[in-house]
file work15.txt (compact mmCIF, C-alpha atoms and all ligand atoms)
# COMPACT_ATOMS: atom_id res chain seq x y z
CA MET A 1 139.54 43.41 40.72
CA PHE A 2 141.95 44.86 38.16
CA ASP A 3 140.89 48.49 38.50
CA THR A 4 144.27 49.84 39.64
CA LEU A 5 146.18 47.87 37.03
CA SER A 6 143.69 48.93 34.43
CA ASP A 7 143.95 52.62 35.39
CA ARG A 8 147.74 52.50 35.38
CA LEU A 9 148.05 50.80 32.01
CA THR A 10 145.46 53.05 30.46
CA SER A 11 147.26 56.15 31.65
CA VAL A 12 150.67 54.89 30.46
CA LEU A 13 149.24 54.17 27.05
CA THR A 14 147.27 57.40 26.90
CA ASN A 15 150.57 59.29 27.30
CA LEU A 16 151.61 57.93 23.92
CA ARG A 17 148.67 59.39 22.09
CA GLY A 18 149.47 62.30 19.86
CA LYS A 19 153.07 61.23 19.31
CA GLY A 20 153.71 61.08 15.60
CA ARG A 21 156.57 58.64 15.81
CA LEU A 22 157.89 56.51 18.65
CA SER A 23 161.63 56.40 19.22
CA ASP A 24 163.28 53.42 20.91
CA ALA A 25 163.64 55.66 23.96
CA ASP A 26 159.86 56.28 23.99
CA ILE A 27 159.26 52.55 23.81
CA ASP A 28 161.76 51.85 26.61
CA ALA A 29 160.17 54.48 28.83
CA THR A 30 156.70 53.07 28.18
CA ALA A 31 157.90 49.53 28.84
CA ARG A 32 159.41 50.66 32.15
CA GLU A 33 156.12 52.14 33.26
CA ILE A 34 154.18 49.06 32.21
CA ARG A 35 156.67 46.95 34.16
CA ILE A 36 156.04 48.97 37.33
CA ALA A 37 152.27 48.77 36.85
CA LEU A 38 152.41 44.98 36.47
CA LEU A 39 154.72 44.49 39.45
CA GLU A 40 152.58 46.72 41.63
CA ALA A 41 149.57 44.60 40.68
CA ASP A 42 151.48 41.50 41.95
CA VAL A 43 152.10 39.93 38.55
CA ALA A 44 154.94 37.43 39.07
CA LEU A 45 158.41 38.67 38.10
CA PRO A 46 159.23 36.06 35.41
CA VAL A 47 155.86 36.75 33.80
CA VAL A 48 156.53 40.49 33.85
CA ARG A 49 159.97 39.97 32.30
CA ASN A 50 158.60 37.94 29.40
CA PHE A 51 155.78 40.37 28.92
CA ILE A 52 158.05 43.42 28.75
CA LYS A 53 160.47 41.67 26.44
CA GLY A 54 157.62 40.73 24.12
CA VAL A 55 156.27 44.28 24.06
CA LYS A 56 159.67 45.89 23.49
CA ASP A 57 160.80 43.51 20.77
CA ARG A 58 157.57 43.78 18.91
CA ALA A 59 157.13 47.55 19.33
CA LYS A 60 160.65 48.25 18.10
CA GLY A 61 160.33 45.85 15.20
CA ALA A 62 156.83 46.98 14.24
CA GLU A 63 156.35 47.92 10.63
CA VAL A 64 154.97 51.40 10.18
CA SER A 65 151.29 50.72 9.79
CA GLN A 66 149.01 52.69 7.52
CA ALA A 67 145.95 51.91 9.60
CA LEU A 68 147.25 52.51 13.12
CA ASN A 69 149.17 55.42 14.59
CA PRO A 70 152.19 54.56 16.79
CA ALA A 71 150.23 54.75 20.05
CA GLN A 72 147.51 52.47 18.69
CA GLN A 73 150.16 50.07 17.53
CA VAL A 74 151.69 49.82 21.02
CA ILE A 75 148.25 49.40 22.58
CA LYS A 76 147.56 46.57 20.15
CA ILE A 77 150.85 44.88 21.04
CA VAL A 78 150.23 45.24 24.81
CA ASN A 79 146.76 43.83 24.33
CA GLU A 80 148.06 40.84 22.38
CA GLU A 81 150.81 40.16 24.92
CA LEU A 82 148.21 40.27 27.71
CA VAL A 83 146.06 37.78 25.82
CA THR A 84 149.13 35.57 25.50
CA ILE A 85 149.96 35.52 29.21
CA LEU A 86 146.31 34.81 29.93
CA GLY A 87 146.47 31.74 27.70
CA GLY A 88 145.60 32.85 24.19
CA GLU A 89 142.65 30.77 23.10
CA THR A 90 139.66 30.05 25.32
CA ARG A 91 140.06 26.51 26.63
CA ARG A 92 136.79 24.64 26.94
CA LEU A 93 135.96 21.56 28.99
CA GLU A 94 136.85 18.28 27.38
CA TYR A 95 134.15 15.69 27.73
CA ALA A 96 134.88 11.97 27.95
CA LYS A 97 134.00 9.80 24.96
CA ASN A 98 132.33 7.39 27.33
CA PRO A 99 130.33 9.25 29.98
CA PRO A 100 130.50 10.14 32.74
CA THR A 101 133.01 12.93 32.29
CA VAL A 102 134.78 13.15 35.63
CA ILE A 103 135.77 16.61 36.90
CA MET A 104 137.72 16.83 40.12
CA LEU A 105 138.10 20.11 42.03
CA ALA A 106 141.20 20.80 44.08
CA GLY A 107 142.37 23.84 46.01
CA LEU A 108 142.87 25.36 49.43
CA GLN A 109 140.07 25.52 51.95
CA GLY A 110 138.15 28.75 51.44
CA SER A 111 139.23 29.07 47.82
CA GLY A 112 135.61 28.68 46.76
CA LYS A 113 135.56 25.02 45.66
CA THR A 114 132.17 24.10 47.05
CA THR A 115 130.56 27.25 45.70
CA LEU A 116 132.24 26.61 42.37
CA ALA A 117 130.97 23.03 42.32
CA GLY A 118 127.42 24.40 42.48
CA LYS A 119 128.11 27.02 39.83
CA LEU A 120 129.64 24.54 37.45
CA ALA A 121 126.83 22.05 38.04
CA LYS A 122 124.18 24.67 37.34
CA TRP A 123 126.01 25.88 34.24
CA LEU A 124 126.36 22.31 32.93
CA ALA A 125 122.71 21.56 33.63
CA GLY A 126 121.83 24.70 31.66
CA GLN A 127 123.75 23.25 28.73
CA GLY A 128 121.67 20.09 28.79
CA HIS A 129 124.02 17.94 30.88
CA THR A 130 122.91 15.83 33.82
CA PRO A 131 125.62 16.43 36.44
CA LEU A 132 126.09 14.70 39.77
CA LEU A 133 127.85 16.52 42.60
CA VAL A 134 130.04 14.37 44.84
CA ALA A 135 130.98 15.28 48.40
CA CYS A 136 134.54 14.14 49.03
CA ASP A 137 135.43 16.99 51.36
CA LEU A 138 134.97 14.95 54.50
CA GLN A 139 137.50 16.96 56.47
CA ARG A 140 135.51 20.05 57.25
CA PRO A 141 132.53 19.16 59.48
CA ASN A 142 130.03 21.22 57.54
CA ALA A 143 131.34 20.68 54.02
CA VAL A 144 128.94 17.87 53.02
CA ASN A 145 125.98 19.85 54.25
CA GLN A 146 127.23 22.94 52.42
CA LEU A 147 127.48 20.99 49.16
CA GLN A 148 123.96 19.67 49.69
CA VAL A 149 122.67 23.22 50.10
CA VAL A 150 124.53 24.32 46.98
CA GLY A 151 123.23 21.28 45.07
CA GLU A 152 119.69 22.08 46.06
CA ARG A 153 120.06 25.66 44.87
CA ALA A 154 121.56 24.44 41.60
CA GLY A 155 118.87 21.76 41.23
CA VAL A 156 121.54 19.08 40.97
CA PRO A 157 121.67 15.88 43.07
CA VAL A 158 124.52 15.29 45.51
CA PHE A 159 126.21 11.98 46.19
CA ALA A 160 127.47 11.95 49.79
CA PRO A 161 128.43 9.26 52.29
CA GLU A 162 125.59 7.90 54.41
CA PRO A 163 126.01 8.75 58.09
CA GLY A 164 128.12 5.92 59.54
CA ASN A 165 129.15 4.64 56.11
CA GLY A 166 132.14 6.05 54.31
CA VAL A 167 132.36 9.21 56.38
CA GLY A 168 136.10 8.75 56.82
CA ASP A 169 136.74 7.39 53.34
CA PRO A 170 136.71 10.07 50.62
CA VAL A 171 138.49 7.77 48.15
CA GLY A 172 135.79 5.11 48.55
CA VAL A 173 133.06 7.76 48.17
CA SER A 174 134.65 9.05 44.98
CA ARG A 175 134.83 5.55 43.54
CA ARG A 176 131.22 4.69 44.46
CA SER A 177 130.02 7.96 42.95
CA LEU A 178 131.08 6.76 39.51
CA ASP A 179 128.92 3.62 39.90
CA GLU A 180 126.04 5.84 40.95
CA ALA A 181 126.59 8.13 37.95
CA ARG A 182 126.47 5.18 35.56
CA ARG A 183 123.42 3.73 37.28
CA ALA A 184 121.45 7.01 37.27
CA GLN A 185 122.86 8.17 33.93
CA HIS A 186 124.64 11.31 34.99
CA ASP A 187 126.91 12.35 32.14
CA VAL A 188 129.19 14.58 34.26
CA VAL A 189 130.48 14.00 37.79
CA ILE A 190 131.88 16.91 39.80
CA VAL A 191 133.97 15.82 42.76
CA ASP A 192 134.52 18.33 45.56
CA THR A 193 137.62 17.53 47.62
CA ALA A 194 139.02 18.65 50.95
CA GLY A 195 141.36 21.60 51.26
CA ARG A 196 143.38 22.95 54.14
CA LEU A 197 144.10 26.54 54.97
CA GLY A 198 147.70 26.04 53.92
CA ILE A 199 149.49 23.57 51.73
CA ASP A 200 149.63 20.28 53.56
CA GLU A 201 151.14 16.95 52.57
CA GLU A 202 148.29 14.87 53.90
CA MET A 203 145.75 16.88 51.92
CA MET A 204 147.82 16.56 48.75
CA LYS A 205 148.06 12.82 49.27
CA GLN A 206 144.32 12.50 49.77
CA ALA A 207 143.65 14.48 46.60
CA ALA A 208 146.19 12.36 44.71
CA ASP A 209 144.54 9.16 46.03
CA ILE A 210 141.13 10.36 44.85
CA ARG A 211 142.66 11.27 41.49
CA ASP A 212 144.12 7.77 41.16
CA ALA A 213 140.80 6.15 42.12
CA ILE A 214 138.66 8.02 39.58
CA THR A 215 141.13 9.08 36.82
CA PRO A 216 139.43 12.43 36.17
CA ASP A 217 139.04 13.82 32.66
CA GLU A 218 139.67 17.28 34.10
CA ILE A 219 141.26 18.36 37.36
CA LEU A 220 140.40 21.98 38.03
CA PHE A 221 142.58 23.88 40.44
CA VAL A 222 140.41 26.45 42.19
CA LEU A 223 142.35 29.60 43.03
CA ASP A 224 141.19 32.52 45.15
CA ALA A 225 142.41 35.58 43.23
CA MET A 226 142.37 37.53 46.51
CA ILE A 227 145.27 35.64 48.10
CA GLY A 228 147.84 37.78 46.30
CA GLN A 229 151.39 36.62 45.91
CA ASP A 230 150.69 33.26 47.56
CA ALA A 231 148.69 32.34 44.47
CA VAL A 232 151.77 31.39 42.51
CA ASN A 233 153.29 29.20 45.26
CA THR A 234 149.96 27.52 45.90
CA ALA A 235 149.47 26.80 42.21
CA GLU A 236 152.96 25.31 41.93
CA ALA A 237 152.36 23.12 45.00
CA PHE A 238 149.11 21.76 43.53
CA ARG A 239 150.70 21.26 40.13
CA ASP A 240 153.46 19.20 41.71
CA GLY A 241 151.32 17.42 44.33
CA VAL A 242 148.16 16.59 42.39
CA GLY A 243 148.53 18.00 38.89
CA PHE A 244 145.72 19.81 37.13
CA SER A 245 144.44 20.41 33.63
CA GLY A 246 142.85 23.80 34.19
CA VAL A 247 142.44 26.68 36.62
CA VAL A 248 139.35 28.39 37.95
CA LEU A 249 139.86 31.91 39.30
CA THR A 250 137.43 32.81 42.07
CA LYS A 251 136.55 36.04 43.89
CA LEU A 252 137.34 38.20 40.88
CA ASP A 253 134.75 40.58 42.34
CA GLY A 254 137.18 41.37 45.17
CA ASP A 255 139.35 44.44 45.34
CA ALA A 256 142.76 42.80 45.73
CA ARG A 257 145.42 43.51 43.13
CA GLY A 258 144.92 40.16 41.41
CA GLY A 259 148.05 40.14 39.27
CA ALA A 260 149.35 36.96 40.88
CA ALA A 261 146.30 35.10 39.62
CA LEU A 262 146.97 36.49 36.18
CA SER A 263 150.40 34.85 36.35
CA VAL A 264 149.09 31.37 37.02
CA ARG A 265 148.72 30.38 33.40
CA GLU A 266 152.28 31.22 32.48
CA VAL A 267 153.78 29.87 35.72
CA THR A 268 152.00 26.50 35.60
CA GLY A 269 151.48 26.09 31.87
CA GLN A 270 147.81 25.23 32.45
CA PRO A 271 144.93 27.33 31.11
CA ILE A 272 142.48 29.41 33.11
CA MET A 273 139.13 27.89 32.13
CA PHE A 274 136.49 29.55 34.30
CA ALA A 275 136.05 32.68 36.35
CA SER A 276 133.90 33.16 39.41
CA SER A 277 132.99 36.64 40.51
CA GLY A 278 130.50 36.54 43.34
CA GLU A 279 128.68 34.38 45.86
CA LYS A 280 125.60 33.75 43.70
CA LEU A 281 125.50 30.66 41.49
CA GLU A 282 125.07 32.86 38.42
CA ASP A 283 128.34 34.74 39.07
CA PHE A 284 130.31 32.41 36.85
CA ASP A 285 131.52 32.24 33.28
CA ILE A 286 133.95 30.69 30.87
CA PHE A 287 137.27 32.58 31.02
CA HIS A 288 138.07 34.33 27.76
CA PRO A 289 141.68 35.64 27.66
CA ASP A 290 140.83 38.24 25.01
CA ARG A 291 137.86 39.63 26.92
CA MET A 292 139.90 39.82 30.13
CA ALA A 293 142.70 41.65 28.30
CA ASN A 294 140.19 44.13 26.88
CA ARG A 295 138.73 44.66 30.31
CA ILE A 296 142.15 45.33 31.81
CA LEU A 297 143.08 47.76 29.08
CA GLY A 298 139.78 49.58 29.61
P1 LIG A 301 135.86 25.90 49.84
O1 LIG A 301 136.34 25.81 51.27
O2 LIG A 301 137.01 25.90 48.88
O3 LIG A 301 134.83 24.89 49.49
O4 LIG A 301 135.21 27.36 49.68
P2 LIG A 301 133.69 27.82 49.72
O5 LIG A 301 132.99 27.46 48.48
O6 LIG A 301 133.09 27.38 51.00
O7 LIG A 301 133.88 29.40 49.70
C1 LIG A 301 134.50 30.12 50.77
C2 LIG A 301 133.81 31.48 50.92
O8 LIG A 301 134.05 32.25 49.76
C3 LIG A 301 132.30 31.39 51.04
O9 LIG A 301 131.89 32.36 51.97
C4 LIG A 301 131.79 31.72 49.65
O10 LIG A 301 130.51 32.30 49.68
C5 LIG A 301 132.82 32.70 49.19
N1 LIG A 301 132.98 32.73 47.72
C6 LIG A 301 133.15 31.69 46.87
N2 LIG A 301 133.30 32.12 45.59
C7 LIG A 301 133.24 33.49 45.65
C8 LIG A 301 133.35 34.53 44.66
O11 LIG A 301 133.56 34.32 43.46
N3 LIG A 301 133.23 35.81 45.13
C9 LIG A 301 133.04 36.10 46.44
N4 LIG A 301 132.93 37.38 46.80
N5 LIG A 301 132.93 35.16 47.38
C10 LIG A 301 133.03 33.86 47.01

call {"tool": "encode", "arguments": {"input": "work15.txt", "output": "structure tokens", "more": "lines below"}}
Ligand code: GDP
result
Amino acid sequence: MFDTLSDRLTSVLTNLRGKGRLSDADIDATAREIRIALLEADVALPVVRNFIKGVKDRAKGAEVSQALNPAQQVIKIVNEELVTILGGETRRLEYAKNPPTVIMLAGLQGSGKTTLAGKLAKWLAGQGHTPLLVACDLQRPNAVNQLQVVGERAGVPVFAPEPGNGVGDPVGVSRRSLDEARRAQHDVVIVDTAGRLGIDEEMMKQAADIRDAITPDEILFVLDAMIGQDAVNTAEAFRDGVGFSGVVLTKLDGDARGGAALSVREVTGQPIMFASSGEKLEDFDIFHPDRMANRILG
């Protein structure tokens, strides 16, 4: 996903190699090129501004290091600033003291929520948990069936409304799923919710009603990294309409520019927790800001 950004940054930084000393003018010129590379990758403007300011201030104030030459020093600073905008530390799931831990998924239709539900369930099961998937996307005709298919592939049971009972009542289904989890001793519940193609008040209200019914331990906002600049607006709308405690980036295997998704942490203040990079259930991992920064810087 970040190939172009990666190539651009690498070439900007490579230009510094061999310079014995960096003047303020060298640093300004480098910062300008980094700025263009970030903007062209769709990183949000306020994020770019902070990033560039951080790099400039630190590069100009940097002590002359014995161990690193000037180019290495700038690369180190750019790397650290990237880690910072991506969230710094890896943020792991927080489990409830009294199970079940309730994880609610929210996001636009097509963002990859249902697929992610299966991935997360399989990953949790692999860690010794006993998850239950819950079908609360009752908007899209095929969504329940799709979750059942995903659940079967993940080897994780799915709680869904019986035909004729609860089909129009996602809030009731979410509430009953917690009783079922306690009864059958599932220690984690993953609730898939409905999305629309665009931001929609009714959808936000339904998600907020489900949230109020089940008081989730984590609300994960699922964000398609391919949607480009809309990513930031969508994230802000979900933050304001539902609220969330973490972000999952999906479709990182795509070839879009992806910078908008990289802005989501700084724009919303919530950490990116997981990354999804393919249609298979295994294409999923914890998001590590430092590893992503290293990947981007090549
Ligand atoms: P939902 O509407 O939010 O539940 O989204 P789905 O889980 O149905 O995903 C929408 C489409 O995106 C499906 O065709 C998925 O196979 C695909 N998809 C989901 N996650 C990824 C991913 O990480 N990479 C790619 N390439 N496709 C994905």

call {"tool": "residues_near_point", "arguments": {"input": "work15.txt", "point": "(149.9, 54.0, 30.1)", "cutoff": "9 Å", "atoms": "all atoms listed in the file", "output": "PyMOL selection string"}}
result
chain A and resi 7-16+30+33-34+37+75

call {"tool": "closest_residue", "arguments": {"input": "work15.txt", "among": "A:Val74, A:Ile214, A:Val43, A:Val173", "to": "Asp28 (chain A)", "atoms": "only C-alpha atoms"}}
result
A:Val74

call {"tool": "closest_residue", "arguments": {"input": "work15.txt", "among": "A:His288, A:Lys56, A:Arg196, A:Arg182", "to": "Thr234 (chain A)", "atoms": "all atoms listed in the file"}}
result
A:Arg196

call {"tool": "residues_near_point", "arguments": {"input": "work15.txt", "point": "(152.2, 50.0, 16.5)", "cutoff": "6 Å", "atoms": "all atoms listed in the file", "output": "MDAnalysis selection string"}}
result
chainID A and resid 62 70 72:74

call {"tool": "write_last_selection", "arguments": {"input": "work15.txt", "atoms": "C-alpha atoms", "output": "mmCIF file, in the frame of the given file"}}
result
data_model
loop_
_atom_site.group_PDB
_atom_site.id
_atom_site.type_symbol
_atom_site.label_atom_id
_atom_site.label_comp_id
_atom_site.auth_asym_id
_atom_site.auth_seq_id
_atom_site.Cartn_x
_atom_site.Cartn_y
_atom_site.Cartn_z
ATOM 1 C CA ALA A 62 156.830 46.980 14.240
ATOM 2 C CA PRO A 70 152.190 54.560 16.790
ATOM 3 C CA GLN A 72 147.510 52.470 18.690
ATOM 4 C CA GLN A 73 150.160 50.070 17.530
ATOM 5 C CA VAL A 74 151.690 49.820 21.020
#

call {"tool": "closest_residue", "arguments": {"input": "work15.txt", "among": "A:Gly20, A:Gly254, A:Pro170, A:Gly195", "to": "Ile210 (chain A)", "atoms": "all atoms listed in the file"}}
result
A:Pro170

call {"tool": "closest_residue", "arguments": {"input": "work15.txt", "among": "A:Asp137, A:Asp240, A:Asp169, A:Glu180", "to": "ligand LIG 301 (chain A)", "atoms": "all atoms listed in the file"}}
result
A:Asp137

call {"tool": "residues_near_ligand", "arguments": {"input": "work15.txt", "ligand": "ligand LIG 301 (chain A)", "cutoff": "7 Å", "atoms": "all atoms listed in the file", "output": "PyMOL selection string"}}
result
chain A and resi 107-116+195+250-254+276-279+283

call {"tool": "decode", "arguments": {"input": "work15.txt", "residues": "region 207-227 of chain A", "atoms": "C-alpha atoms", "output": "CSV table (one decimal), in the first residue's frame"}}
result
chain,number,residue,atom,x,y,z
A,207,ALA,CA,-24.9,1.6,16.4
A,208,ALA,CA,-25.2,4.0,19.4
A,209,ASP,CA,-28.3,2.1,20.6
A,210,ILE,CA,-26.4,-1.2,20.4
A,211,ARG,CA,-23.5,0.4,22.2
A,212,ASP,CA,-25.8,1.5,25.0
A,213,ALA,CA,-27.4,-1.9,25.3
A,214,ILE,CA,-24.1,-3.9,25.6
A,215,THR,CA,-21.6,-1.3,27.0
A,216,PRO,CA,-18.7,-2.7,25.0
A,217,ASP,CA,-15.2,-3.0,26.5
A,218,GLU,CA,-13.8,-2.0,23.1
A,219,ILE,CA,-15.4,-0.4,20.1
A,220,LEU,CA,-13.3,-0.9,17.0
A,221,PHE,CA,-13.8,1.4,14.1
A,222,VAL,CA,-13.1,-0.6,10.9
A,223,LEU,CA,-11.6,1.6,8.2
A,224,ASP,CA,-10.9,0.7,4.6
A,225,ALA,CA,-7.5,2.2,3.9
A,226,MET,CA,-8.4,2.3,0.2
A,227,ILE,CA,-11.1,5.0,0.6
